[in-house]
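Q: One file: my_file.txt (compact mmCIF, C-alpha atoms).
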```txt
# COMPACT_ATOMS: atom_id res chain seq x y z
CA MET A 1 71.31 17.79 46.09
CA MET A 2 68.24 16.07 47.55
CA LYS A 3 67.16 19.35 49.21
CA LEU A 4 67.46 21.18 45.89
CA CYS A 5 65.38 18.51 44.12
CA ARG A 6 62.75 18.71 46.80
CA GLY A 7 62.67 22.48 46.49
CA LEU A 8 62.24 22.33 42.74
CA MET A 9 59.55 19.68 43.09
CA ALA A 10 57.72 21.87 45.59
CA VAL A 11 57.75 24.78 43.17
CA THR A 12 56.49 22.49 40.42
CA CYS A 13 53.70 21.18 42.62
CA LEU A 14 52.59 24.68 43.52
CA LEU A 15 52.47 25.65 39.85
CA LEU A 16 50.75 22.55 38.57
CA ALA A 17 48.69 21.65 41.66
CA ALA A 18 49.97 18.15 40.91
CA CYS A 19 50.89 16.96 44.40
CA PRO A 20 47.51 16.04 45.94
CA SER A 21 46.99 14.90 49.49
CA LYS A 22 44.88 11.83 50.26
CA ARG A 23 41.46 12.04 48.67
CA VAL A 24 38.42 11.30 50.77
CA GLU A 25 36.44 10.04 47.78
CA GLU A 26 37.09 9.41 44.12
CA THR A 27 34.42 11.53 42.44
CA PRO A 28 34.68 11.88 38.67
CA VAL A 29 35.21 15.50 37.67
CA LYS A 30 34.20 16.93 34.33
CA GLU A 31 36.79 18.95 32.48
CA PRO A 32 36.20 22.01 30.31
CA SER A 33 35.89 20.94 26.70
CA PHE A 34 35.56 21.84 23.04
CA VAL A 35 32.41 20.55 21.36
CA LYS A 36 32.42 20.21 17.58
CA SER A 37 29.73 22.44 16.16
CA ASP A 38 28.29 23.55 12.81
CA TRP A 39 27.83 26.92 11.16
CA GLN A 40 24.06 26.99 11.70
CA THR A 41 24.50 27.17 15.48
CA LEU A 42 26.46 30.45 15.33
CA PRO A 43 24.05 33.33 16.05
CA GLU A 44 23.72 35.68 13.03
CA TRP A 45 26.65 34.00 11.26
CA THR A 46 25.14 34.65 7.83
CA GLN A 47 24.55 38.35 8.64
CA VAL A 48 27.75 39.53 10.36
CA GLY A 49 30.26 41.62 8.44
CA LEU A 50 33.64 39.91 8.09
CA ALA A 51 35.84 42.53 6.42
CA SER A 52 37.48 43.77 9.64
CA SER A 53 37.80 40.20 10.90
CA LEU A 54 39.76 39.30 7.77
CA GLU A 55 41.97 42.38 8.17
CA ALA A 56 42.80 41.29 11.72
CA LEU A 57 43.60 37.77 10.47
CA SER A 58 45.77 39.17 7.67
CA ALA A 59 47.76 41.24 10.18
CA GLU A 60 48.70 38.16 12.20
CA CYS A 61 49.52 36.14 9.08
CA VAL A 62 52.90 37.89 9.14
CA SER A 63 53.85 35.37 11.83
CA LEU A 64 51.28 32.59 11.31
CA LYS A 65 52.21 31.93 7.67
CA ARG A 66 55.44 30.31 8.86
CA LYS A 67 53.36 27.43 10.25
CA GLU A 68 52.49 24.75 7.72
CA GLN A 69 48.78 24.54 8.57
CA TRP A 70 48.38 28.29 8.06
CA GLN A 71 50.32 28.75 4.82
CA GLN A 72 47.44 28.11 2.43
CA ILE A 73 44.96 29.94 4.67
CA CYS A 74 47.11 33.08 4.77
CA ALA A 75 47.89 32.89 1.05
CA GLU A 76 44.20 32.77 0.13
CA ALA A 77 43.28 35.44 2.68
CA SER A 78 45.60 37.90 0.94
CA LEU A 79 43.72 37.44 -2.36
CA LEU A 80 40.18 38.01 -1.07
CA ASP A 81 38.02 41.01 -1.93
CA ILE A 82 37.00 42.35 1.47
CA SER A 83 33.93 44.03 -0.02
CA ASN A 84 32.47 40.60 -0.92
CA ASN A 85 31.10 39.39 2.41
CA GLU A 86 29.69 36.19 0.93
CA ALA A 87 33.15 35.24 -0.34
CA LEU A 88 34.66 35.98 3.06
CA ARG A 89 32.13 33.75 4.79
CA LEU A 90 32.82 30.96 2.30
CA PHE A 91 36.55 31.36 2.97
CA PHE A 92 36.11 30.74 6.71
CA GLU A 93 33.69 27.85 6.16
CA THR A 94 36.10 26.27 3.67
CA HIS A 95 39.15 26.36 5.91
CA PHE A 96 37.84 26.12 9.47
CA THR A 97 35.61 24.06 11.75
CA PRO A 98 33.82 25.81 14.66
CA TRP A 99 34.28 24.23 18.11
CA GLN A 100 32.16 25.57 20.95
CA LEU A 101 33.71 25.99 24.38
CA ARG A 102 32.00 24.43 27.39
CA ASN A 103 32.76 24.89 31.07
CA ASP A 104 33.44 21.93 33.35
CA ASP A 105 29.79 22.01 34.51
CA GLY A 106 28.56 21.79 30.93
CA SER A 107 27.46 25.43 30.71
CA ASP A 108 28.42 27.49 27.66
CA GLN A 109 28.73 31.05 28.97
CA GLY A 110 31.51 33.05 30.58
CA LEU A 111 32.61 36.58 31.42
CA ILE A 112 33.43 39.07 28.65
CA THR A 113 35.09 42.33 29.68
CA GLY A 114 36.71 45.12 27.66
CA TYR A 115 39.99 47.01 27.46
CA TYR A 116 41.38 49.94 25.48
CA GLU A 117 44.27 52.36 25.02
CA PRO A 118 43.91 55.22 27.53
CA LEU A 119 45.28 58.72 27.04
CA LEU A 120 47.21 60.29 29.91
CA TYR A 121 49.04 63.58 30.26
CA GLY A 122 52.69 63.58 31.20
CA SER A 123 56.20 64.91 30.83
CA ARG A 124 59.78 63.75 30.40
CA GLU A 125 60.63 65.67 33.57
CA LYS A 126 59.26 65.33 37.06
CA SER A 127 57.44 68.38 38.39
CA GLU A 128 54.80 69.34 40.93
CA ARG A 129 52.12 68.46 38.40
CA TYR A 130 53.78 65.43 36.79
CA ARG A 131 54.89 63.36 39.78
CA PHE A 132 53.76 59.77 39.15
CA PRO A 133 56.45 57.72 37.35
CA VAL A 134 55.93 55.31 34.47
CA TYR A 135 58.70 52.72 34.80
CA GLY A 136 60.59 50.63 32.30
CA VAL A 137 61.80 47.14 33.24
CA PRO A 138 64.05 47.18 36.36
CA ASP A 139 67.57 45.82 35.98
CA ASP A 140 67.13 43.44 38.92
CA LEU A 141 63.97 41.75 37.62
CA LEU A 142 64.85 38.10 37.09
CA ILE A 143 62.81 35.88 34.73
CA ILE A 144 63.22 32.10 35.01
CA ASP A 145 61.94 29.95 32.16
CA LEU A 146 60.79 26.77 33.92
CA ALA A 147 60.75 24.80 30.67
CA GLU A 148 64.54 24.71 30.80
CA LEU A 149 64.23 22.57 33.94
CA TYR A 150 60.96 20.80 33.18
CA PRO A 151 59.80 20.60 29.54
CA GLN A 152 56.22 19.94 30.71
CA LEU A 153 56.18 23.47 32.11
CA LYS A 154 56.53 25.05 28.66
CA GLY A 155 55.27 28.63 28.68
CA MET A 156 55.51 29.00 32.48
CA ARG A 157 57.91 31.51 33.99
CA LEU A 158 58.84 32.73 37.42
CA ARG A 159 59.70 36.36 38.12
CA GLY A 160 61.81 37.37 41.06
CA ARG A 161 65.07 38.91 42.18
CA VAL A 162 68.30 37.76 43.78
CA GLU A 163 68.74 38.40 47.48
CA GLY A 164 72.07 37.08 48.68
CA LYS A 165 72.15 33.51 47.34
CA ARG A 166 68.40 33.13 47.09
CA VAL A 167 65.83 33.92 44.43
CA VAL A 168 62.91 35.67 46.13
CA PRO A 169 59.67 37.22 44.81
CA TYR A 170 60.04 40.61 43.17
CA HIS A 171 58.76 43.67 45.01
CA ASP A 172 55.00 44.15 45.06
CA ARG A 173 53.14 47.34 44.16
CA ALA A 174 53.42 48.92 47.60
CA ALA A 175 57.17 48.31 47.77
CA ILE A 176 57.80 49.61 44.25
CA ASP A 177 55.77 52.70 45.04
CA SER A 178 57.83 53.45 48.13
CA LYS A 179 61.29 52.26 49.15
CA HIS A 180 62.07 49.96 46.21
CA ALA A 181 61.37 52.18 43.23
CA PRO A 182 63.55 51.26 40.20
CA GLU A 183 65.44 54.54 40.07
CA GLY A 184 66.74 55.54 36.67
CA LYS A 185 64.03 53.55 34.88
CA GLU A 186 61.49 56.36 34.69
CA ILE A 187 60.24 56.70 31.12
CA LEU A 188 57.78 59.49 31.83
CA TRP A 189 55.95 61.21 34.65
CA VAL A 190 52.16 61.59 34.59
CA ASP A 191 49.67 63.71 36.52
CA ASP A 192 47.06 61.07 37.36
CA GLU A 193 47.76 58.30 39.88
CA ILE A 194 44.62 56.25 39.27
CA GLY A 195 44.99 56.86 35.54
CA LEU A 196 48.47 55.33 35.76
CA PHE A 197 46.99 52.32 37.57
CA PHE A 198 44.43 51.86 34.77
CA LEU A 199 47.22 52.21 32.21
CA GLN A 200 48.87 49.20 33.83
CA VAL A 201 45.61 47.26 33.81
CA GLN A 202 45.11 48.00 30.09
CA GLY A 203 48.72 47.13 29.28
CA SER A 204 49.27 49.93 26.75
CA GLY A 205 48.36 53.55 26.19
CA ARG A 206 49.40 56.97 25.01
CA ILE A 207 50.88 59.91 26.88
CA GLN A 208 50.43 63.48 25.63
CA LEU A 209 53.40 65.71 26.47
CA PRO A 210 53.13 69.47 27.22
CA ASP A 211 54.10 70.31 23.61
CA GLY A 212 51.21 68.23 22.29
CA SER A 213 53.30 65.32 21.02
CA ILE A 214 52.25 61.76 21.82
CA VAL A 215 54.36 58.96 23.29
CA LYS A 216 53.01 55.44 22.73
CA LEU A 217 53.65 52.90 25.46
CA GLY A 218 53.42 49.12 25.32
CA TYR A 219 53.65 46.31 27.86
CA ALA A 220 57.26 45.28 28.59
CA ASN A 221 57.03 43.04 31.65
CA GLN A 222 55.41 42.48 35.03
CA ASN A 223 56.59 41.94 38.61
CA GLY A 224 55.24 38.39 38.87
CA HIS A 225 52.58 39.05 41.49
CA PRO A 226 48.97 37.99 40.82
CA TYR A 227 46.40 40.46 39.58
CA ASN A 228 43.71 41.35 42.13
CA SER A 229 40.70 43.38 41.01
CA ILE A 230 40.28 46.64 42.93
CA GLY A 231 36.66 46.70 41.78
CA LYS A 232 36.09 43.39 43.55
CA ARG A 233 37.88 44.81 46.59
CA LEU A 234 35.54 47.81 46.70
CA VAL A 235 32.56 45.45 46.56
CA GLU A 236 34.02 43.43 49.45
CA MET A 237 34.48 46.68 51.40
CA GLY A 238 30.80 47.52 50.89
CA GLU A 239 31.65 50.67 48.92
CA MET A 240 29.62 49.62 45.85
CA THR A 241 27.64 46.71 44.48
CA VAL A 242 28.78 44.31 41.77
CA ASP A 243 26.44 46.02 39.29
CA GLN A 244 27.88 49.44 40.15
CA ALA A 245 31.52 48.41 39.77
CA SER A 246 33.01 49.86 36.57
CA MET A 247 36.15 51.72 35.61
CA GLN A 248 34.24 54.99 35.79
CA SER A 249 32.78 54.31 39.25
CA ILE A 250 36.15 53.15 40.59
CA ARG A 251 37.79 56.35 39.33
CA GLN A 252 35.09 58.45 40.97
CA TRP A 253 35.58 56.58 44.24
CA GLY A 254 39.27 57.47 44.08
CA VAL A 255 38.43 61.14 43.51
CA ASP A 256 36.01 61.10 46.45
CA HIS A 257 38.39 59.23 48.80
CA PRO A 258 41.95 60.44 48.03
CA GLU A 259 43.15 59.53 51.53
CA ARG A 260 42.20 55.87 50.95
CA LEU A 261 43.30 55.54 47.32
CA LYS A 262 46.77 54.11 47.94
CA GLU A 263 45.39 51.44 50.26
CA LEU A 264 42.98 50.40 47.52
CA LEU A 265 45.65 50.35 44.80
CA TYR A 266 48.02 48.36 47.00
CA SER A 267 45.39 45.61 47.30
CA ASN A 268 46.53 44.68 43.78
CA PRO A 269 50.22 43.67 44.18
CA SER A 270 50.73 43.26 40.41
CA TYR A 271 52.81 45.97 38.71
CA VAL A 272 53.37 46.45 34.96
CA PHE A 273 56.48 47.93 33.35
CA PHE A 274 56.40 49.63 29.94
CA ARG A 275 58.48 50.39 26.88
CA GLU A 276 58.17 53.12 24.29
CA MET A 277 56.65 52.00 21.01
CA PRO A 278 57.29 53.35 17.50
CA ASP A 279 55.24 56.38 16.45
CA SER A 280 54.31 54.57 13.26
CA LEU A 281 52.13 52.03 15.08
CA LYS A 282 48.44 52.62 14.49
CA SER A 283 47.33 50.62 17.51
CA ALA A 284 48.49 48.80 20.62
CA VAL A 285 50.55 45.65 20.05
CA GLY A 286 49.20 42.39 21.49
CA ALA A 287 50.91 39.25 22.74
CA MET A 288 51.38 38.01 19.15
CA GLY A 289 53.53 41.03 18.36
CA VAL A 290 51.06 42.48 15.84
CA PRO A 291 48.94 45.66 16.15
CA LEU A 292 45.47 44.99 17.54
CA THR A 293 42.34 45.76 15.51
CA ALA A 294 39.81 47.84 17.42
CA GLY A 295 36.59 45.90 17.89
CA TYR A 296 38.00 42.69 16.41
CA SER A 297 40.94 41.68 18.60
CA MET A 298 40.46 39.91 21.90
CA ALA A 299 42.59 38.83 24.86
CA VAL A 300 42.07 35.21 25.91
CA ASP A 301 43.48 32.59 28.25
CA ARG A 302 46.01 30.91 26.00
CA ARG A 303 45.76 27.68 28.03
CA THR A 304 42.34 27.34 26.41
CA ILE A 305 42.56 29.21 23.11
CA PRO A 306 45.82 29.27 21.14
CA LEU A 307 46.83 32.75 20.04
CA GLY A 308 45.94 33.52 16.44
CA MET A 309 42.68 31.58 16.33
CA PRO A 310 39.47 33.18 15.02
CA VAL A 311 36.88 33.23 17.81
CA TYR A 312 33.19 33.76 17.16
CA LEU A 313 31.85 35.75 20.10
CA SER A 314 28.15 35.93 20.95
CA THR A 315 27.48 38.46 23.69
CA THR A 316 25.68 41.80 24.20
CA TRP A 317 26.75 45.43 23.97
CA PRO A 318 27.94 47.07 27.23
CA ASN A 319 25.05 47.99 29.54
CA SER A 320 22.60 46.57 27.03
CA GLU A 321 20.68 43.48 26.00
CA ALA A 322 21.31 44.23 22.32
CA PRO A 323 23.12 41.28 20.66
CA LEU A 324 26.79 41.67 19.78
CA ASN A 325 27.84 38.80 17.52
CA ARG A 326 31.25 39.13 15.91
CA LEU A 327 34.21 37.16 14.57
CA MET A 328 37.17 38.17 16.73
CA LEU A 329 40.84 37.18 16.63
CA ALA A 330 42.61 35.83 19.74
CA GLN A 331 45.65 38.12 19.64
CA ASP A 332 46.38 39.08 23.24
CA VAL A 333 46.51 37.87 26.84
CA GLY A 334 46.01 39.53 30.22
CA GLY A 335 46.75 38.91 33.88
CA ALA A 336 43.05 38.91 34.75
CA ILE A 337 41.96 36.88 31.72
CA LYS A 338 41.87 33.39 33.20
CA GLY A 339 39.26 30.75 32.56
CA THR A 340 37.72 28.57 29.89
CA ILE A 341 35.11 30.97 28.49
CA ARG A 342 36.81 34.27 29.25
CA GLY A 343 37.53 37.13 26.88
CA ASP A 344 38.66 40.74 26.94
CA PHE A 345 37.28 42.77 24.02
CA PHE A 346 39.69 45.40 22.63
CA TRP A 347 37.77 48.60 21.93
CA GLY A 348 40.63 50.72 20.57
CA PHE A 349 41.77 54.20 21.57
CA GLY A 350 39.90 57.23 22.84
CA ALA A 351 37.12 58.36 25.16
CA GLU A 352 34.37 56.31 23.52
CA ALA A 353 36.54 53.20 23.60
CA GLY A 354 37.22 53.83 27.27
CA LYS A 355 33.53 54.23 28.01
CA ASN A 356 32.70 50.91 26.36
CA ALA A 357 35.65 49.07 27.88
CA GLY A 358 35.01 50.40 31.36
CA SER A 359 31.39 49.31 31.42
CA MET A 360 31.66 45.97 29.59
CA LYS A 361 30.91 43.10 31.92
CA GLN A 362 28.75 40.77 29.87
CA GLN A 363 28.07 37.07 29.61
CA GLY A 364 29.05 35.49 26.31
CA ARG A 365 29.53 32.28 24.35
CA MET A 366 32.54 31.38 22.21
CA TRP A 367 33.22 29.20 19.20
CA VAL A 368 36.87 28.78 18.25
CA PHE A 369 37.60 28.23 14.55
CA PHE A 370 40.30 25.58 14.14
CA PRO A 371 41.75 24.66 10.74
CA HIS A 372 40.07 21.58 9.25
CA GLY A 373 41.51 18.30 10.51
CA PHE A 374 42.67 19.73 13.82
CA THR A 375 41.11 18.34 17.02
CA PRO A 376 41.56 20.81 19.89
CA THR A 377 42.38 19.88 23.46
CA LEU A 378 42.66 22.03 26.54
CA LYS A 379 46.18 22.31 27.94
CA THR A 380 44.94 22.56 31.50
CA ALA A 381 41.64 22.81 33.30
CA SER A 382 40.98 26.51 33.85
CA ARG A 383 39.17 26.83 37.15
```
Take the structure in the file and give it back as structure tokens.
A:
Amino acid sequence: MMKLCRGLMAVTCLLLAACPSKRVEETPVKEPSFVKSDWQTLPEWTQVGLASSLEALSAECVSLKRKEQWQQICAEASLLDISNNEALRLFFETHFTPWQLRNDDGSDQGLITGYYEPLLYGSREKSERYRFPVYGVPDDLLIIDLAELYPQLKGMRLRGRVEGKRVVPYHDRAAIDSKHAPEGKEILWVDDEIGLFFLQVQGSGRIQLPDGSIVKLGYANQNGHPYNSIGKRLVEMGEMTVDQASMQSIRQWGVDHPERLKELLYSNPSYVFFREMPDSLKSAVGAMGVPLTAGYSMAVDRRTIPLGMPVYLSTTWPNSEAPLNRLMLAQDVGGAIKGTIRGDFFWGFGAEAGKNAGSMKQQGRMWVFFPHGFTPTLKTASR
């Protein structure tokens, strides 16, 4: 029994980093924070269009309206005339207070990237052309909700598999791609290996079948391994500079070095499993379970920003210094989206969306709109 307790405590310590060794010195450390702000500090707040922002908010009200603090907000949102931008701005100012995010060093900027729904070409049957499988969730993938053992670990889960009498990590990308493929879980087969990798990074996408019909895919689960950026790996290998690293340049590298592609892909052990989505969906579905709004939905680190919150983003357009100031909705999460001021801008579906998403690597500031009377706190320091 004591050994089991120690084992569980060790897992908890690894997850929470809460078992420190002796400290050499007691130096006070600043924590990331929310700073109460005012509307005048938001760049271009009085000029930005808010119609699409309200539509994104209204979509998530399907679930948010069950919460007491959102009931009146969602009720009034449904009555607004979206063509009256002044009324929309007054609505947000009446119900919310902007809180600016600050890093632990006091700075107010962080990384803003982009994602989208890619289009791939595939088939229900494996063939010489369509030979790269898109998998559903394997039967042996085990998900352990740690909150059942430790309530303070709410929202934290372990993924693994049973081996004999032990729970061990699930197979990584290299193993799944070779001797531990989840046979019988193939949803589709596609013709583009690096395209399939990017599909997993994006978390959703569409597959066009030989007859022209489209299958929509959404995120179902993940193997539990951490996400490692292959762009960062290429920079470390000296294959490109940080400024050159983009989805387009990574794809071209794969085309130019087919014999080294698998080695590069395997440097990211994370693997995403999919599920088919209804044809009726107009867009990818985010972590809140509602369709995302192109250009107005964003993936965030939910340890910092609760899902559903309006987030005023001040950044620049991809590959540009032109200002991009917009009221977004925090409606999604991502394996690589970790940090206090960290966002992933959803660009939608199609080639133009892919171009913007693939080249977006901007610095940005964030103000989170919390309902009046609510004082935000960070759940954990995101470092």
Q: Step by step: start from the point (56.7, 42.9, 48.4) in the file's coordinates, keep every protein, DNA or RNA residue that has an atom no farther than 12 Å from it, count only C-alpha atoms, and write the set as a list in words.
A: Gly160, Arg161, Val168, Pro169, Tyr170, His171, Asp172, Arg173, Ala174, Ala175, Ile176, Asp177, Ser178, Lys179, His180, Ala181, Asn223, Gly224, His225, Pro226, Tyr266, Ser267, Asn268, Pro269, Ser270 and Tyr271 of chain A
Q: Between atom CA of Gln72 of chain A and atom CA of Ser297 of chain A, what is the distance in Å, rounded to a tenth?
A: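 Calculated distance between atom CA of Gln72 of chain A and atom CA of Ser297 of chain A is 22.1 Å.
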Q: Looking at A:Phe346, A:Trp253, A:Phe132, A:Tyr296, which one is nearest to Val333 of chain A, with distances taken over all atoms listed in the file?
A: A:Phe346
Q: Taking into account only C-alpha atoms, which residue in the set A:Lys185, A:Arg275, A:Arg157, A:His372 is nearest to Gly203 of chain A?
A: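 Ranking A:Lys185, A:Arg275, A:Arg157, A:His372 by distance to Gly203 of chain A, first place goes to A:Arg275.
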Q: What does the distance from atom CA of Gln152 of chain A to atom CA of Gly335 of chain A come to in Å, to one decimal?
A: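 Going from atom CA of Gln152 of chain A over to atom CA of Gly335 of chain A covers 21.4 Å.
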Q: Taking 5 positions as the minimum chain separation for residues in the same chain, which residues sit within 12 Å of Glu60 of chain A when counting only C-alpha atoms? Answer as a count of residues only.
A: 29
Q: To one decimal in Å, tell me the separation between atom CA of Gln109 of chain A and atom CA of Ile341 of chain A.
A: 6.4 Å
Q: Pick from A:Pro278, A:Pro323, A:Gly184, A:Gly334: nearest to Asp301 of chain A, with only C-alpha atoms counted?
A: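 Using only C-alpha atoms, Asp301 of chain A sits closest to A:Gly334.
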Q: For Ser123 of chain A, list every protein, DNA or RNA residue within 9 Å, evaluated using all atoms listed in the file, and leave out those in the same chain fewer than 4 positions away; present the list as a PyMOL selection string.
A: chain A and resi 127+130+188-191+207-210
Q: Could you tell me which of A:Glu163, A:Glu239, A:Glu31, A:Asp38 comes closest to Trp367 of chain A if we count all atoms listed in the file?
A: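 Comparing A:Glu163, A:Glu239, A:Glu31, A:Asp38 against Trp367 of chain A, the winner is A:Asp38.
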Q: Kindly list the centre and edge lengths in Å, rounded to one decimal, for the axis-aligned box that covers all listed atoms of segment 138-153 of chain A plus 5 Å on each of its six sides, as AutoDock Vina command-line options.
A:
```
--center_x 61.9 --center_y 33.6 --center_z 34.2 --size_x 21.4 --size_y 37.2 --size_z 19.4
```
Q: Write out as a list of chain:residue names the residues lying within 7 Å of segment 361-366 of chain A, counting all atoms listed in the file and excluding same-chain residues fewer than 5 positions away.
A: A:Gln100, A:Leu101, A:Asp108, A:Gln109, A:Gly110, A:Leu111, A:Ile112, A:Thr113, A:Val311, A:Tyr312, A:Leu313, A:Ser314, A:Thr315, A:Thr316, A:Pro318, A:Ile341
Q: For a quick check of understanding, using all atoms listed in the file, which of A:Ser359, A:Thr377, A:Gly205, A:Leu149 has the smallest distance to Leu281 of chain A?
A: A:Gly205
Q: Near Lys232 of chain A, counting all atoms listed in the file, which residues have an atom at most 12 Å away, once you skip same-chain residues fewer than 3 positions from it, shown as a ChimeraX atom specification?
A: /A:227-229,235-247,250,264-265,267-268
Q: Could the residues in this selection be written to a file with C-alpha atoms, as a PDB file, in the coordinates of the input?
A:
```pdb
ATOM      1  CA  TYR A 227      46.400  40.460  39.580  1.00  0.00           C
ATOM      2  CA  ASN A 228      43.710  41.350  42.130  1.00  0.00           C
ATOM      3  CA  SER A 229      40.700  43.380  41.010  1.00  0.00           C
ATOM      4  CA  VAL A 235      32.560  45.450  46.560  1.00  0.00           C
ATOM      5  CA  GLU A 236      34.020  43.430  49.450  1.00  0.00           C
ATOM      6  CA  MET A 237      34.480  46.680  51.400  1.00  0.00           C
ATOM      7  CA  GLY A 238      30.800  47.520  50.890  1.00  0.00           C
ATOM      8  CA  GLU A 239      31.650  50.670  48.920  1.00  0.00           C
ATOM      9  CA  MET A 240      29.620  49.620  45.850  1.00  0.00           C
ATOM     10  CA  THR A 241      27.640  46.710  44.480  1.00  0.00           C
ATOM     11  CA  VAL A 242      28.780  44.310  41.770  1.00  0.00           C
ATOM     12  CA  ASP A 243      26.440  46.020  39.290  1.00  0.00           C
ATOM     13  CA  GLN A 244      27.880  49.440  40.150  1.00  0.00           C
ATOM     14  CA  ALA A 245      31.520  48.410  39.770  1.00  0.00           C
ATOM     15  CA  SER A 246      33.010  49.860  36.570  1.00  0.00           C
ATOM     16  CA  MET A 247      36.150  51.720  35.610  1.00  0.00           C
ATOM     17  CA  ILE A 250      36.150  53.150  40.590  1.00  0.00           C
ATOM     18  CA  LEU A 264      42.980  50.400  47.520  1.00  0.00           C
ATOM     19  CA  LEU A 265      45.650  50.350  44.800  1.00  0.00           C
ATOM     20  CA  SER A 267      45.390  45.610  47.300  1.00  0.00           C
ATOM     21  CA  ASN A 268      46.530  44.680  43.780  1.00  0.00           C
TER      22      ASN A 268
END
```
Q: I'd like the neighbourhood of Gln248 of chain A as a PDB file with C-alpha atoms, in the coordinates of the input, where a residue qualifies if any of its atoms comes within 12 Å (using all atoms listed in the file), though same-chain residues fewer than 2 positions away should be ignored.
A:
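Okay, this is what ended up in around.pdb:
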```
ATOM      1  CA  ILE A 194      44.620  56.250  39.270  1.00  0.00           C
ATOM      2  CA  GLY A 195      44.990  56.860  35.540  1.00  0.00           C
ATOM      3  CA  PHE A 198      44.430  51.860  34.770  1.00  0.00           C
ATOM      4  CA  GLY A 231      36.660  46.700  41.780  1.00  0.00           C
ATOM      5  CA  GLN A 244      27.880  49.440  40.150  1.00  0.00           C
ATOM      6  CA  ALA A 245      31.520  48.410  39.770  1.00  0.00           C
ATOM      7  CA  SER A 246      33.010  49.860  36.570  1.00  0.00           C
ATOM      8  CA  ILE A 250      36.150  53.150  40.590  1.00  0.00           C
ATOM      9  CA  ARG A 251      37.790  56.350  39.330  1.00  0.00           C
ATOM     10  CA  GLN A 252      35.090  58.450  40.970  1.00  0.00           C
ATOM     11  CA  TRP A 253      35.580  56.580  44.240  1.00  0.00           C
ATOM     12  CA  GLY A 254      39.270  57.470  44.080  1.00  0.00           C
ATOM     13  CA  VAL A 255      38.430  61.140  43.510  1.00  0.00           C
ATOM     14  CA  ALA A 351      37.120  58.360  25.160  1.00  0.00           C
ATOM     15  CA  GLY A 354      37.220  53.830  27.270  1.00  0.00           C
ATOM     16  CA  LYS A 355      33.530  54.230  28.010  1.00  0.00           C
ATOM     17  CA  ASN A 356      32.700  50.910  26.360  1.00  0.00           C
ATOM     18  CA  ALA A 357      35.650  49.070  27.880  1.00  0.00           C
ATOM     19  CA  GLY A 358      35.010  50.400  31.360  1.00  0.00           C
ATOM     20  CA  SER A 359      31.390  49.310  31.420  1.00  0.00           C
ATOM     21  CA  MET A 360      31.660  45.970  29.590  1.00  0.00           C
TER      22      MET A 360
END
```
Q: Around (62.8, 48.9, 33.4) in the file's frame, which residues reach within 10 Å when counting all atoms listed in the file? Return as an MDAnalysis selection string?
A: chainID A and resid 134:141 182:187 220:222 272:275
Q: Given all atoms listed in the file as the basis, pick out the residue of A:Thr375, A:Gln40, A:Asn84, A:Gln202 nearest to Gly114 of chain A.
A: A:Gln202
Q: Just add N, CA and C atoms to segment 162-173 of chain A and send it as a compact mmCIF listing (two decimals), in the frame of the given file.
A:
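Saved file part.txt follows:
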```txt
# COMPACT_ATOMS: atom_id res chain seq x y z
N VAL A 162 67.30 38.45 42.98
CA VAL A 162 68.30 37.76 43.78
C VAL A 162 68.54 38.54 45.07
N GLU A 163 68.45 37.81 46.17
CA GLU A 163 68.74 38.40 47.48
C GLU A 163 69.77 37.50 48.16
N GLY A 164 71.01 37.94 48.18
CA GLY A 164 72.07 37.08 48.68
C GLY A 164 72.27 35.92 47.71
N LYS A 165 72.04 34.69 48.19
CA LYS A 165 72.15 33.51 47.34
C LYS A 165 70.79 32.91 47.04
N ARG A 166 69.75 33.65 47.30
CA ARG A 166 68.40 33.13 47.09
C ARG A 166 67.67 33.92 46.01
N VAL A 167 66.76 33.24 45.33
CA VAL A 167 65.83 33.92 44.43
C VAL A 167 64.54 34.11 45.20
N VAL A 168 64.11 35.34 45.36
CA VAL A 168 62.91 35.67 46.13
C VAL A 168 61.92 36.42 45.22
N PRO A 169 60.65 36.49 45.63
CA PRO A 169 59.67 37.22 44.81
C PRO A 169 60.09 38.67 44.59
N TYR A 170 59.72 39.20 43.43
CA TYR A 170 60.04 40.61 43.17
C TYR A 170 59.14 41.48 44.04
N HIS A 171 59.51 42.74 44.18
CA HIS A 171 58.76 43.67 45.01
C HIS A 171 57.32 43.82 44.51
N ASP A 172 56.39 43.95 45.44
CA ASP A 172 55.00 44.15 45.06
C ASP A 172 54.73 45.63 44.82
N ARG A 173 53.50 45.96 44.51
CA ARG A 173 53.14 47.34 44.16
C ARG A 173 53.49 48.33 45.27
```
